[in-house]
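The next block is structure_18.cif, given as mmCIF, C-alpha atoms.
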data_coords
#
loop_
_atom_site.group_PDB
_atom_site.id
_atom_site.type_symbol
_atom_site.label_atom_id
_atom_site.label_comp_id
_atom_site.auth_asym_id
_atom_site.auth_seq_id
_atom_site.Cartn_x
_atom_site.Cartn_y
_atom_site.Cartn_z
ATOM 1 C CA MET A 1 0.000 0.000 0.000
ATOM 2 C CA ALA A 2 0.966 3.654 -0.229
ATOM 3 C CA LYS A 3 2.823 5.934 2.190
ATOM 4 C CA ILE A 4 0.651 8.975 2.896
ATOM 5 C CA LEU A 5 1.472 12.234 4.684
ATOM 6 C CA VAL A 6 -1.566 13.810 6.356
ATOM 7 C CA THR A 7 -0.912 17.422 7.350
ATOM 8 C CA GLY A 8 -3.219 18.683 10.071
ATOM 9 C CA GLY A 9 -3.950 15.060 10.889
ATOM 10 C CA ALA A 10 -4.551 15.788 14.582
ATOM 11 C CA GLY A 11 -7.460 18.071 13.715
ATOM 12 C CA TYR A 12 -11.126 17.253 13.263
ATOM 13 C CA ILE A 13 -11.253 16.029 9.668
ATOM 14 C CA GLY A 14 -7.580 15.087 9.404
ATOM 15 C CA SER A 15 -7.751 12.704 12.374
ATOM 16 C CA HIS A 16 -10.732 10.864 10.879
ATOM 17 C CA MET A 17 -8.887 10.677 7.552
ATOM 18 C CA ALA A 18 -5.691 9.329 9.098
ATOM 19 C CA GLU A 19 -7.635 6.587 10.856
ATOM 20 C CA MET A 20 -9.532 5.606 7.695
ATOM 21 C CA LEU A 21 -6.310 5.448 5.687
ATOM 22 C CA GLY A 22 -4.763 3.153 8.283
ATOM 23 C CA GLU A 23 -7.834 0.924 8.354
ATOM 24 C CA VAL A 24 -7.519 0.195 4.624
ATOM 25 C CA GLY A 25 -3.823 -0.602 4.944
ATOM 26 C CA HIS A 26 -1.933 2.560 4.012
ATOM 27 C CA LYS A 27 1.166 3.650 5.932
ATOM 28 C CA VAL A 28 0.140 6.977 7.497
ATOM 29 C CA VAL A 29 2.295 9.748 8.923
ATOM 30 C CA VAL A 30 0.542 12.715 10.537
ATOM 31 C CA LEU A 31 2.271 16.096 10.666
ATOM 32 C CA ASP A 32 0.624 18.657 12.949
ATOM 33 C CA ASN A 33 1.882 21.586 15.029
ATOM 34 C CA LEU A 34 -0.856 20.882 17.635
ATOM 35 C CA LYS A 35 -1.843 24.546 17.874
ATOM 36 C CA SER A 36 -5.437 23.473 17.327
ATOM 37 C CA GLY A 37 -5.108 19.725 16.791
ATOM 38 C CA LYS A 38 -5.038 17.216 19.629
ATOM 39 C CA ALA A 39 -2.378 14.526 19.947
ATOM 40 C CA ASN A 40 -4.913 12.078 21.416
ATOM 41 C CA ALA A 41 -6.984 12.383 18.223
ATOM 42 C CA VAL A 42 -4.250 10.493 16.343
ATOM 43 C CA LEU A 43 -5.318 6.969 17.165
ATOM 44 C CA SER A 44 -2.952 4.722 15.230
ATOM 45 C CA ALA A 45 -0.878 6.771 12.784
ATOM 46 C CA GLU A 46 2.624 7.999 13.508
ATOM 47 C CA LEU A 47 2.528 11.616 14.748
ATOM 48 C CA ILE A 48 5.245 14.142 13.969
ATOM 49 C CA VAL A 49 4.850 17.462 15.793
ATOM 50 C CA ALA A 50 6.140 20.118 13.433
ATOM 51 C CA ASP A 51 5.112 23.262 11.589
ATOM 52 C CA LEU A 52 4.871 23.650 7.826
ATOM 53 C CA ALA A 53 6.822 26.892 8.161
ATOM 54 C CA ASN A 54 9.937 24.834 8.990
ATOM 55 C CA GLN A 55 11.021 23.829 5.502
ATOM 56 C CA ALA A 56 14.294 22.255 6.624
ATOM 57 C CA TYR A 57 12.396 19.906 8.923
ATOM 58 C CA LEU A 58 9.962 19.073 6.124
ATOM 59 C CA ASP A 59 12.929 18.152 3.942
ATOM 60 C CA ALA A 60 14.111 15.673 6.570
ATOM 61 C CA VAL A 61 10.637 14.118 6.936
ATOM 62 C CA PHE A 62 10.202 13.679 3.173
ATOM 63 C CA ALA A 63 13.708 12.266 2.820
ATOM 64 C CA GLN A 64 12.990 9.681 5.504
ATOM 65 C CA TYR A 65 9.554 8.472 4.409
ATOM 66 C CA LYS A 66 9.465 8.838 0.595
ATOM 67 C CA PHE A 67 5.733 9.546 0.432
ATOM 68 C CA ASP A 68 3.500 8.467 -2.435
ATOM 69 C CA ALA A 69 0.919 11.164 -1.746
ATOM 70 C CA VAL A 70 0.112 14.119 0.497
ATOM 71 C CA MET A 71 -3.282 14.953 1.979
ATOM 72 C CA HIS A 72 -3.233 18.578 3.084
ATOM 73 C CA PHE A 73 -5.685 19.477 5.890
ATOM 74 C CA ALA A 74 -3.500 21.895 7.859
ATOM 75 C CA GLY A 75 -4.776 25.467 7.928
ATOM 76 C CA LEU A 76 -6.914 28.034 9.690
ATOM 77 C CA ILE A 77 -10.688 27.832 9.226
ATOM 78 C CA GLN A 78 -12.521 30.653 11.029
ATOM 79 C CA VAL A 79 -14.194 33.011 8.587
ATOM 80 C CA GLY A 80 -14.738 35.833 11.089
ATOM 81 C CA GLU A 81 -11.169 35.678 12.344
ATOM 82 C CA SER A 82 -9.866 35.820 8.794
ATOM 83 C CA VAL A 83 -11.555 39.194 8.293
ATOM 84 C CA ILE A 84 -9.869 40.599 11.418
ATOM 85 C CA TYR A 85 -6.466 38.967 10.817
ATOM 86 C CA PRO A 86 -6.058 38.392 7.064
ATOM 87 C CA ASP A 87 -2.273 38.347 7.451
ATOM 88 C CA LYS A 88 -2.538 35.312 9.717
ATOM 89 C CA TYR A 89 -4.655 33.452 7.136
ATOM 90 C CA TYR A 90 -2.464 34.201 4.143
ATOM 91 C CA GLN A 91 0.630 33.235 6.131
ATOM 92 C CA ASN A 92 -0.833 29.902 7.290
ATOM 93 C CA ASN A 93 -3.047 28.891 4.392
ATOM 94 C CA VAL A 94 -0.911 30.170 1.517
ATOM 95 C CA ALA A 95 2.704 30.809 2.530
ATOM 96 C CA ALA A 96 3.065 27.724 4.741
ATOM 97 C CA GLY A 97 1.300 25.691 2.070
ATOM 98 C CA LEU A 98 3.865 26.896 -0.457
ATOM 99 C CA ASN A 99 6.615 25.575 1.796
ATOM 100 C CA LEU A 100 4.916 22.192 1.675
ATOM 101 C CA LEU A 101 4.494 22.303 -2.103
ATOM 102 C CA ASN A 102 8.124 23.163 -2.656
ATOM 103 C CA VAL A 103 9.190 20.141 -0.628
ATOM 104 C CA VAL A 104 6.648 18.016 -2.533
ATOM 105 C CA LYS A 105 8.269 19.254 -5.766
ATOM 106 C CA LYS A 106 11.797 18.670 -4.468
ATOM 107 C CA PHE A 107 11.047 15.043 -3.573
ATOM 108 C CA ALA A 108 9.011 14.386 -6.737
ATOM 109 C CA VAL A 109 5.751 13.484 -4.975
ATOM 110 C CA LYS A 110 3.159 13.591 -7.761
ATOM 111 C CA ASN A 111 -0.149 13.096 -5.886
ATOM 112 C CA PHE A 112 -1.726 15.816 -3.742
ATOM 113 C CA ILE A 113 -5.197 16.126 -2.182
ATOM 114 C CA PHE A 114 -6.299 19.490 -0.846
ATOM 115 C CA SER A 115 -8.908 20.255 1.792
ATOM 116 C CA SER A 116 -10.733 23.187 0.196
ATOM 117 C CA THR A 117 -14.074 24.825 0.923
ATOM 118 C CA ALA A 118 -17.362 26.019 -0.536
ATOM 119 C CA ALA A 119 -16.267 29.483 0.639
ATOM 120 C CA VAL A 120 -14.401 29.796 -2.676
ATOM 121 C CA TYR A 121 -17.782 30.385 -4.358
ATOM 122 C CA GLY A 122 -18.772 33.391 -2.251
ATOM 123 C CA GLU A 123 -22.371 34.582 -2.462
ATOM 124 C CA PRO A 124 -24.183 31.936 -4.524
ATOM 125 C CA LYS A 125 -25.669 32.970 -7.858
ATOM 126 C CA TYR A 126 -27.759 29.793 -7.882
ATOM 127 C CA VAL A 127 -28.312 26.669 -5.763
ATOM 128 C CA PRO A 128 -27.426 23.900 -5.648
ATOM 129 C CA ILE A 129 -23.867 25.037 -6.365
ATOM 130 C CA ASP A 130 -21.847 23.010 -8.873
ATOM 131 C CA THR A 131 -18.138 23.308 -9.655
ATOM 132 C CA LYS A 132 -18.916 25.475 -12.714
ATOM 133 C CA HIS A 133 -20.206 28.222 -10.408
ATOM 134 C CA ALA A 134 -18.220 31.456 -10.493
ATOM 135 C CA LEU A 135 -15.483 31.821 -7.862
ATOM 136 C CA PHE A 136 -15.870 35.054 -5.891
ATOM 137 C CA PRO A 137 -14.858 34.418 -2.246
ATOM 138 C CA VAL A 138 -15.962 37.238 0.055
ATOM 139 C CA ASN A 139 -13.540 36.760 2.967
ATOM 140 C CA PRO A 140 -9.800 36.121 3.396
ATOM 141 C CA TYR A 141 -10.435 32.514 4.454
ATOM 142 C CA GLY A 142 -12.154 31.693 1.162
ATOM 143 C CA LYS A 143 -9.642 33.769 -0.786
ATOM 144 C CA SER A 144 -6.710 31.926 0.803
ATOM 145 C CA LYS A 145 -8.210 28.566 -0.160
ATOM 146 C CA LEU A 146 -8.852 29.682 -3.726
ATOM 147 C CA MET A 147 -5.298 31.031 -4.003
ATOM 148 C CA PHE A 148 -3.942 27.649 -3.002
ATOM 149 C CA GLU A 149 -6.182 25.872 -5.517
ATOM 150 C CA GLN A 150 -4.785 28.171 -8.217
ATOM 151 C CA ILE A 151 -1.222 27.533 -7.065
ATOM 152 C CA LEU A 152 -1.854 23.780 -7.304
ATOM 153 C CA ALA A 153 -3.070 24.205 -10.870
ATOM 154 C CA ASP A 154 0.079 26.170 -11.754
ATOM 155 C CA TYR A 155 2.313 23.544 -10.126
ATOM 156 C CA GLY A 156 0.475 20.919 -12.135
ATOM 157 C CA ASN A 157 1.101 22.741 -15.410
ATOM 158 C CA ALA A 158 4.736 23.491 -14.627
ATOM 159 C CA PHE A 159 5.909 20.483 -12.620
ATOM 160 C CA GLY A 160 3.463 17.640 -13.275
ATOM 161 C CA LEU A 161 1.896 17.637 -9.819
ATOM 162 C CA ARG A 162 -1.532 15.986 -10.000
ATOM 163 C CA SER A 163 -4.008 17.249 -7.426
ATOM 164 C CA ILE A 164 -7.632 16.903 -6.413
ATOM 165 C CA CYS A 165 -9.267 19.766 -4.521
ATOM 166 C CA LEU A 166 -12.317 18.840 -2.467
ATOM 167 C CA ARG A 167 -14.641 21.723 -1.648
ATOM 168 C CA TYR A 168 -16.510 21.009 1.566
ATOM 169 C CA PHE A 169 -19.861 22.410 2.484
ATOM 170 C CA ASN A 170 -20.612 21.824 6.221
ATOM 171 C CA ALA A 171 -18.598 18.967 7.709
ATOM 172 C CA ALA A 172 -20.334 17.507 10.762
ATOM 173 C CA GLY A 173 -20.748 14.371 12.844
ATOM 174 C CA ALA A 174 -18.115 12.167 14.440
ATOM 175 C CA ASP A 175 -16.598 8.710 14.342
ATOM 176 C CA PRO A 176 -19.570 6.305 14.748
ATOM 177 C CA LEU A 177 -17.647 4.554 17.560
ATOM 178 C CA ALA A 178 -17.159 7.914 19.340
ATOM 179 C CA ARG A 179 -13.379 7.513 19.402
ATOM 180 C CA ILE A 180 -12.782 10.958 17.893
ATOM 181 C CA GLY A 181 -14.950 13.922 16.974
ATOM 182 C CA GLU A 182 -15.194 17.672 16.590
ATOM 183 C CA ASN A 183 -13.303 19.600 19.265
ATOM 184 C CA HIS A 184 -12.403 23.103 18.101
ATOM 185 C CA ASN A 185 -11.440 25.871 20.491
ATOM 186 C CA PRO A 186 -13.210 28.157 20.039
ATOM 187 C CA GLU A 187 -16.021 26.196 18.444
ATOM 188 C CA THR A 188 -17.847 28.003 15.650
ATOM 189 C CA HIS A 189 -19.805 25.198 13.952
ATOM 190 C CA LEU A 190 -23.538 24.893 14.508
ATOM 191 C CA ILE A 191 -24.068 21.232 15.398
ATOM 192 C CA PRO A 192 -21.446 20.986 18.179
ATOM 193 C CA LEU A 193 -22.617 24.345 19.553
ATOM 194 C CA VAL A 194 -26.221 23.097 19.628
ATOM 195 C CA LEU A 195 -25.160 19.882 21.370
ATOM 196 C CA ARG A 196 -23.053 21.756 23.914
ATOM 197 C CA ALA A 197 -26.116 23.864 24.689
ATOM 198 C CA ALA A 198 -27.982 20.582 25.254
ATOM 199 C CA CYS A 199 -25.297 19.478 27.725
ATOM 200 C CA SER A 200 -25.819 22.527 29.939
ATOM 201 C CA GLU A 201 -28.976 23.524 31.789
ATOM 202 C CA ASP A 202 -28.314 27.217 31.237
ATOM 203 C CA GLY A 203 -26.823 26.809 27.750
ATOM 204 C CA SER A 204 -28.338 28.346 24.631
ATOM 205 C CA ILE A 205 -27.526 28.672 20.951
ATOM 206 C CA LYS A 206 -27.285 31.947 19.050
ATOM 207 C CA VAL A 207 -29.334 32.076 15.848
ATOM 208 C CA PHE A 208 -27.927 34.742 13.548
ATOM 209 C CA GLY A 209 -30.891 36.007 11.579
ATOM 210 C CA ASN A 210 -34.492 34.834 11.404
ATOM 211 C CA ASP A 211 -35.551 37.041 8.502
ATOM 212 C CA TYR A 212 -33.977 35.273 5.538
ATOM 213 C CA ASN A 213 -36.106 34.191 2.583
ATOM 214 C CA THR A 214 -36.213 30.561 3.726
ATOM 215 C CA SER A 215 -38.906 28.273 5.117
ATOM 216 C CA ASP A 216 -38.481 29.520 8.698
ATOM 217 C CA GLY A 217 -36.301 32.616 8.260
ATOM 218 C CA SER A 218 -32.994 31.043 9.284
ATOM 219 C CA CYS A 219 -30.023 30.122 7.100
ATOM 220 C CA VAL A 220 -29.982 26.861 5.146
ATOM 221 C CA ARG A 221 -26.827 24.740 5.039
ATOM 222 C CA ASP A 222 -25.793 21.381 3.570
ATOM 223 C CA TYR A 223 -24.333 19.058 6.245
ATOM 224 C CA ILE A 224 -22.026 16.183 5.317
ATOM 225 C CA HIS A 225 -20.868 13.481 7.715
ATOM 226 C CA VAL A 226 -17.128 13.567 8.373
ATOM 227 C CA VAL A 227 -16.887 9.844 7.542
ATOM 228 C CA ASP A 228 -18.494 10.461 4.142
ATOM 229 C CA LEU A 229 -16.139 13.368 3.625
ATOM 230 C CA CYS A 230 -13.159 11.117 4.298
ATOM 231 C CA SER A 231 -14.479 8.334 2.080
ATOM 232 C CA ALA A 232 -14.494 10.829 -0.804
ATOM 233 C CA HIS A 233 -10.858 11.684 -0.023
ATOM 234 C CA LEU A 234 -9.991 7.991 -0.067
ATOM 235 C CA LEU A 235 -11.617 7.604 -3.495
ATOM 236 C CA ALA A 236 -9.761 10.705 -4.709
ATOM 237 C CA LEU A 237 -6.503 9.173 -3.498
ATOM 238 C CA ASP A 238 -7.253 5.910 -5.289
ATOM 239 C CA ALA A 239 -7.968 7.887 -8.451
ATOM 240 C CA LEU A 240 -4.680 9.806 -8.307
ATOM 241 C CA LEU A 241 -2.651 6.690 -7.511
ATOM 242 C CA SER A 242 -4.255 5.084 -10.570
ATOM 243 C CA GLY A 243 -3.159 7.983 -12.775
ATOM 244 C CA ALA A 244 -6.201 10.300 -12.748
ATOM 245 C CA LYS A 245 -5.775 13.900 -13.868
ATOM 246 C CA SER A 246 -6.130 16.896 -11.570
ATOM 247 C CA ASN A 247 -9.689 17.851 -10.720
ATOM 248 C CA VAL A 248 -12.010 19.720 -8.356
ATOM 249 C CA TYR A 249 -15.076 18.251 -6.629
ATOM 250 C CA ASN A 250 -17.833 19.392 -4.277
ATOM 251 C CA LEU A 251 -18.621 17.457 -1.119
ATOM 252 C CA GLY A 252 -22.137 17.788 0.235
ATOM 253 C CA ASN A 253 -25.401 15.843 0.386
ATOM 254 C CA GLY A 254 -27.368 18.109 -1.921
ATOM 255 C CA LYS A 255 -29.975 18.833 0.735
ATOM 256 C CA GLY A 256 -30.124 21.837 3.031
ATOM 257 C CA TYR A 257 -31.463 22.284 6.542
ATOM 258 C CA THR A 258 -32.324 25.497 8.345
ATOM 259 C CA VAL A 259 -30.804 26.385 11.711
ATOM 260 C CA PHE A 260 -34.149 25.748 13.403
ATOM 261 C CA GLU A 261 -34.424 22.342 11.702
ATOM 262 C CA VAL A 262 -30.996 21.438 13.087
ATOM 263 C CA ILE A 263 -32.091 22.509 16.585
ATOM 264 C CA LYS A 264 -35.296 20.436 16.337
ATOM 265 C CA ALA A 265 -33.380 17.398 15.083
ATOM 266 C CA ALA A 266 -30.905 17.777 17.954
ATOM 267 C CA GLU A 267 -33.782 17.962 20.449
ATOM 268 C CA LYS A 268 -35.141 14.708 19.032
ATOM 269 C CA VAL A 269 -31.767 12.958 19.197
ATOM 270 C CA THR A 270 -30.846 14.195 22.694
ATOM 271 C CA GLY A 271 -34.311 14.147 24.221
ATOM 272 C CA ARG A 272 -33.600 17.600 25.635
ATOM 273 C CA SER A 273 -35.034 21.044 25.076
ATOM 274 C CA ILE A 274 -32.469 23.401 23.521
ATOM 275 C CA LYS A 275 -32.754 27.128 24.133
ATOM 276 C CA PHE A 276 -31.874 29.677 21.479
ATOM 277 C CA GLU A 277 -31.444 33.439 21.186
ATOM 278 C CA ILE A 278 -32.150 35.442 18.049
ATOM 279 C CA HIS A 279 -29.351 37.780 16.971
ATOM 280 C CA GLY A 280 -28.874 39.922 13.877
ATOM 281 C CA ARG A 281 -27.521 38.508 10.658
ATOM 282 C CA ARG A 282 -23.776 38.065 10.338
ATOM 283 C CA ALA A 283 -22.145 39.937 7.492
ATOM 284 C CA GLY A 284 -21.493 37.698 4.517
ATOM 285 C CA ASP A 285 -23.819 34.852 5.556
ATOM 286 C CA PRO A 286 -25.691 33.662 2.439
ATOM 287 C CA ALA A 287 -29.294 32.575 2.968
ATOM 288 C CA VAL A 288 -28.763 29.169 1.322
ATOM 289 C CA LEU A 289 -25.651 27.061 0.661
ATOM 290 C CA VAL A 290 -26.331 23.644 -0.859
ATOM 291 C CA ALA A 291 -23.955 21.489 -2.894
ATOM 292 C CA ASP A 292 -24.384 19.863 -6.259
ATOM 293 C CA ALA A 293 -22.097 16.848 -5.846
ATOM 294 C CA GLU A 294 -23.433 14.757 -8.728
ATOM 295 C CA ARG A 295 -20.103 14.874 -10.560
ATOM 296 C CA THR A 296 -18.331 13.614 -7.426
ATOM 297 C CA ILE A 297 -20.781 10.722 -7.197
ATOM 298 C CA LYS A 298 -20.410 9.892 -10.880
ATOM 299 C CA GLU A 299 -16.664 10.342 -11.419
ATOM 300 C CA LEU A 300 -15.325 9.110 -8.067
ATOM 301 C CA ASN A 301 -18.090 6.544 -7.550
ATOM 302 C CA TRP A 302 -18.772 8.169 -4.187
ATOM 303 C CA GLN A 303 -21.843 7.181 -2.202
ATOM 304 C CA PRO A 304 -22.482 8.900 1.165
ATOM 305 C CA GLN A 305 -23.146 6.367 3.905
ATOM 306 C CA TYR A 306 -24.659 8.762 6.457
ATOM 307 C CA PRO A 307 -26.648 11.441 4.570
ATOM 308 C CA ASP A 308 -29.430 11.674 7.155
ATOM 309 C CA LEU A 309 -29.243 14.717 9.463
ATOM 310 C CA GLU A 310 -30.389 12.820 12.551
ATOM 311 C CA THR A 311 -27.676 10.192 12.061
ATOM 312 C CA ILE A 312 -25.051 12.928 11.704
ATOM 313 C CA ILE A 313 -26.300 14.521 14.934
ATOM 314 C CA LYS A 314 -26.549 11.151 16.699
ATOM 315 C CA HIS A 315 -22.877 10.388 16.067
ATOM 316 C CA ALA A 316 -21.878 13.915 17.090
ATOM 317 C CA TRP A 317 -23.959 13.547 20.271
ATOM 318 C CA GLN A 318 -22.280 10.262 21.212
ATOM 319 C CA TRP A 319 -18.911 12.003 20.902
ATOM 320 C CA GLU A 320 -20.058 15.161 22.670
ATOM 321 C CA LYS A 321 -21.354 13.230 25.701
ATOM 322 C CA LYS A 322 -18.053 11.377 25.944
ATOM 323 C CA ARG A 323 -16.055 14.583 25.619
ATOM 324 C CA PHE A 324 -18.260 16.396 28.159
ATOM 325 C CA ALA A 325 -17.948 13.541 30.672
ATOM 326 C CA ASN A 326 -14.151 13.630 30.431
ATOM 327 C CA GLU A 327 -13.813 17.390 31.035
#
In structure tokens, how does this file's structure come out?
Amino acid sequence: MAKILVTGGAGYIGSHMAEMLGEVGHKVVVLDNLKSGKANAVLSAELIVADLANQAYLDAVFAQYKFDAVMHFAGLIQVGESVIYPDKYYQNNVAAGLNLLNVVKKFAVKNFIFSSTAAVYGEPKYVPIDTKHALFPVNPYGKSKLMFEQILADYGNAFGLRSICLRYFNAAGADPLARIGENHNPETHLIPLVLRAACSEDGSIKVFGNDYNTSDGSCVRDYIHVVDLCSAHLLALDALLSGAKSNVYNLGNGKGYTVFEVIKAAEKVTGRSIKFEIHGRRAGDPAVLVADAERTIKELNWQPQYPDLETIIKHAWQWEKKRFANE
């Protein structure tokens, strides 16, 4: 089997990916600086604590392991923070990524999978959003991801690097066995915030806007189970290792849920009443974000295993209860 480097492999999605790669027999090395990742989220892969900014150290790692492919999850992900500190996002998501790419080029690694985002599309012109949609990111986070996609394309043209960029909509859920799950600090994603409100008697969830042109006035988002997300990455890896050309794919279920629908589903799963507070809209929040992932299904032969919202929340709840009990 192949030797795979997973950057950011101690984070939420990266840790699930590293475990899945190991389960199918690949040799997995995780590289993470642990600024947001957790060492205990790396269940069976080898963990190297290092920063992508340290190019000399990257050289030594690549020389030792002779990787067949790189899966790049490392990066900053908070949209609001990116507006306040754009320098931080361009440094981490672009400049540090360039360090990685230059080592990839130096050691002639030809297969690269990039953790991208639906934020590259910006305000949607139509929904569901396919990969032909115009690319107009509205914040530095989305811009940094699009820049890196463009850099990958240029490296492909110039140096023969083959890459697949996977644009996520809303990753959610947790390992079905509750071994690992979502644990950001601070947490900004809706489902874990709703479940943390369910864990606390005085907890509540902030709903940003109830006056959108949707069924109940709240934003609509497309939630995809983290396991399904990783299975798409595994199929993308198989494609590249078999000689596939560079490509870009959306990852989502093609169905959107409002914030209030997520809260109601969480109440059903947890058996608890969840309080909420209405706040004003956040700048840059589109009313509806839903993926068209038909090309992903067709070309990668991808089939989501857990598309149902309640199942996604159930797995997240199992993890959240475990995490809450251990605090």
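Computed from the coordinates, the atom CA of Gly142 of chain A to atom CA of Ala119 of chain A distance equals 4.7 Å.
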inquiry  = Can you pull out the residues contacting segment 56-68 of chain A? Cut-off 10 Å, using only C-alpha atoms, and skip same-chain residues under 3 positions away; I want them as a list in words.
reply    = Met1, Ala2, Lys3, Ile4, Leu5, Lys27, Val28, Val29, Leu31, Ile48, Ala50, Asp51, Leu52, Ala53, Asn99, Leu100, Asn102, Val103, Val104, Lys106, Phe107, Ala108, Val109, Lys110, Asn111, Phe112 and Leu241 of chain A
Written as a PDB file with C-alpha atoms, keeping the file's coordinate frame, what is the full residue list that the PyMOL selection byres ((chain A and resi 179-196) around 9) yields on the file shown?
ATOM      1  CA  GLY A  11      -7.460  18.071  13.715  1.00  0.00           C
ATOM      2  CA  TYR A  12     -11.126  17.253  13.263  1.00  0.00           C
ATOM      3  CA  ILE A  13     -11.253  16.029   9.668  1.00  0.00           C
ATOM      4  CA  SER A  15      -7.751  12.704  12.374  1.00  0.00           C
ATOM      5  CA  HIS A  16     -10.732  10.864  10.879  1.00  0.00           C
ATOM      6  CA  SER A  36      -5.437  23.473  17.327  1.00  0.00           C
ATOM      7  CA  GLY A  37      -5.108  19.725  16.791  1.00  0.00           C
ATOM      8  CA  LYS A  38      -5.038  17.216  19.629  1.00  0.00           C
ATOM      9  CA  ASN A  40      -4.913  12.078  21.416  1.00  0.00           C
ATOM     10  CA  ALA A  41      -6.984  12.383  18.223  1.00  0.00           C
ATOM     11  CA  VAL A  42      -4.250  10.493  16.343  1.00  0.00           C
ATOM     12  CA  LEU A  43      -5.318   6.969  17.165  1.00  0.00           C
ATOM     13  CA  GLN A  78     -12.521  30.653  11.029  1.00  0.00           C
ATOM     14  CA  ASN A 170     -20.612  21.824   6.221  1.00  0.00           C
ATOM     15  CA  ALA A 171     -18.598  18.967   7.709  1.00  0.00           C
ATOM     16  CA  ALA A 172     -20.334  17.507  10.762  1.00  0.00           C
ATOM     17  CA  GLY A 173     -20.748  14.371  12.844  1.00  0.00           C
ATOM     18  CA  ALA A 174     -18.115  12.167  14.440  1.00  0.00           C
ATOM     19  CA  ASP A 175     -16.598   8.710  14.342  1.00  0.00           C
ATOM     20  CA  PRO A 176     -19.570   6.305  14.748  1.00  0.00           C
ATOM     21  CA  LEU A 177     -17.647   4.554  17.560  1.00  0.00           C
ATOM     22  CA  ALA A 178     -17.159   7.914  19.340  1.00  0.00           C
ATOM     23  CA  ALA A 197     -26.116  23.864  24.689  1.00  0.00           C
ATOM     24  CA  ALA A 198     -27.982  20.582  25.254  1.00  0.00           C
ATOM     25  CA  CYS A 199     -25.297  19.478  27.725  1.00  0.00           C
ATOM     26  CA  SER A 200     -25.819  22.527  29.939  1.00  0.00           C
ATOM     27  CA  GLY A 203     -26.823  26.809  27.750  1.00  0.00           C
ATOM     28  CA  SER A 204     -28.338  28.346  24.631  1.00  0.00           C
ATOM     29  CA  ILE A 205     -27.526  28.672  20.951  1.00  0.00           C
ATOM     30  CA  LYS A 206     -27.285  31.947  19.050  1.00  0.00           C
ATOM     31  CA  VAL A 226     -17.128  13.567   8.373  1.00  0.00           C
ATOM     32  CA  VAL A 259     -30.804  26.385  11.711  1.00  0.00           C
ATOM     33  CA  VAL A 262     -30.996  21.438  13.087  1.00  0.00           C
ATOM     34  CA  ILE A 263     -32.091  22.509  16.585  1.00  0.00           C
ATOM     35  CA  ALA A 266     -30.905  17.777  17.954  1.00  0.00           C
ATOM     36  CA  GLU A 267     -33.782  17.962  20.449  1.00  0.00           C
ATOM     37  CA  THR A 270     -30.846  14.195  22.694  1.00  0.00           C
ATOM     38  CA  ILE A 274     -32.469  23.401  23.521  1.00  0.00           C
ATOM     39  CA  LYS A 275     -32.754  27.128  24.133  1.00  0.00           C
ATOM     40  CA  PHE A 276     -31.874  29.677  21.479  1.00  0.00           C
ATOM     41  CA  ILE A 313     -26.300  14.521  14.934  1.00  0.00           C
ATOM     42  CA  HIS A 315     -22.877  10.388  16.067  1.00  0.00           C
ATOM     43  CA  ALA A 316     -21.878  13.915  17.090  1.00  0.00           C
ATOM     44  CA  TRP A 317     -23.959  13.547  20.271  1.00  0.00           C
ATOM     45  CA  TRP A 319     -18.911  12.003  20.902  1.00  0.00           C
ATOM     46  CA  GLU A 320     -20.058  15.161  22.670  1.00  0.00           C
ATOM     47  CA  LYS A 321     -21.354  13.230  25.701  1.00  0.00           C
ATOM     48  CA  LYS A 322     -18.053  11.377  25.944  1.00  0.00           C
ATOM     49  CA  ARG A 323     -16.055  14.583  25.619  1.00  0.00           C
ATOM     50  CA  PHE A 324     -18.260  16.396  28.159  1.00  0.00           C
TER      51      PHE A 324
END
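Checking A:Glu299, A:Ile129, A:Ser246, A:Tyr90 one by one against Asp154 of chain A, counting only C-alpha atoms, you find the shortest gap at A:Ser246.
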Give me the residues of segment 64-129 of chain A that have any atom at most 8 Å from an atom of segment 279-288 of chain A; for each, the nearest atom pair and the distance in Å, rounded to one decimal. Use all atoms listed in the file, sort by chain and number, and format it as JSON lines.
{"residue": "A:Glu123", "atom": "CA", "partner": "A:Pro286", "partner_atom": "CA", "distance": 6.0}
{"residue": "A:Pro124", "atom": "CA", "partner": "A:Pro286", "partner_atom": "CA", "distance": 7.3}
{"residue": "A:Val127", "atom": "CA", "partner": "A:Val288", "partner_atom": "CA", "distance": 7.5}
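Here atom CA of Tyr249 of chain A stands at a distance of 21.0 Å from atom CA of Asp308 of chain A.
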Return as AutoDock Vina command-line options the box centre and box size in Å, one decimal, for an axis-aligned box around all listed atoms of segment 240-256 of chain A padded by 8 Å per side.
--center_x -16.4 --center_y 13.5 --center_z -5.4 --size_x 43.5 --size_y 32.8 --size_z 32.9
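Shown here are all protein and nucleic acid residues lying within 10 Å of (-7.7, 21.6, 1.4), with only C-alpha atoms considered: Thr7, Met71, His72, Phe73, Ala74, Gly75, Asn93, Gly97, Phe112, Ile113, Phe114, Ser115, Ser116, Thr117, Lys145, Leu146, Phe148, Glu149, Ile164, Cys165, Leu166, Arg167 and Tyr168 of chain A.
Residue selection for this entry, given the PyMOL selection byres ((chain A and resi 251) around 8), comprises Leu166, Arg167, Tyr168, Phe169, Ile224, Leu229, Ala232, Tyr249, Asn250, Gly252, Asn253, Ala291, Ala293 and Thr296 of chain A.
Among A:Val30, A:Val138, A:Ala18, A:Leu289, the residue with the shortest atom-to-atom distance to Val79 of chain A, counting all atoms listed in the file, is A:Val138.
Relative to atom CA of Ala265 of chain A, atom CA of Gly14 of chain A is found at 26.5 Å.
Using all atoms listed in the file, the smallest distance between any of A:Ala10, A:Leu98, A:Gly209, A:Gly122 and Met147 of chain A comes from A:Leu98.
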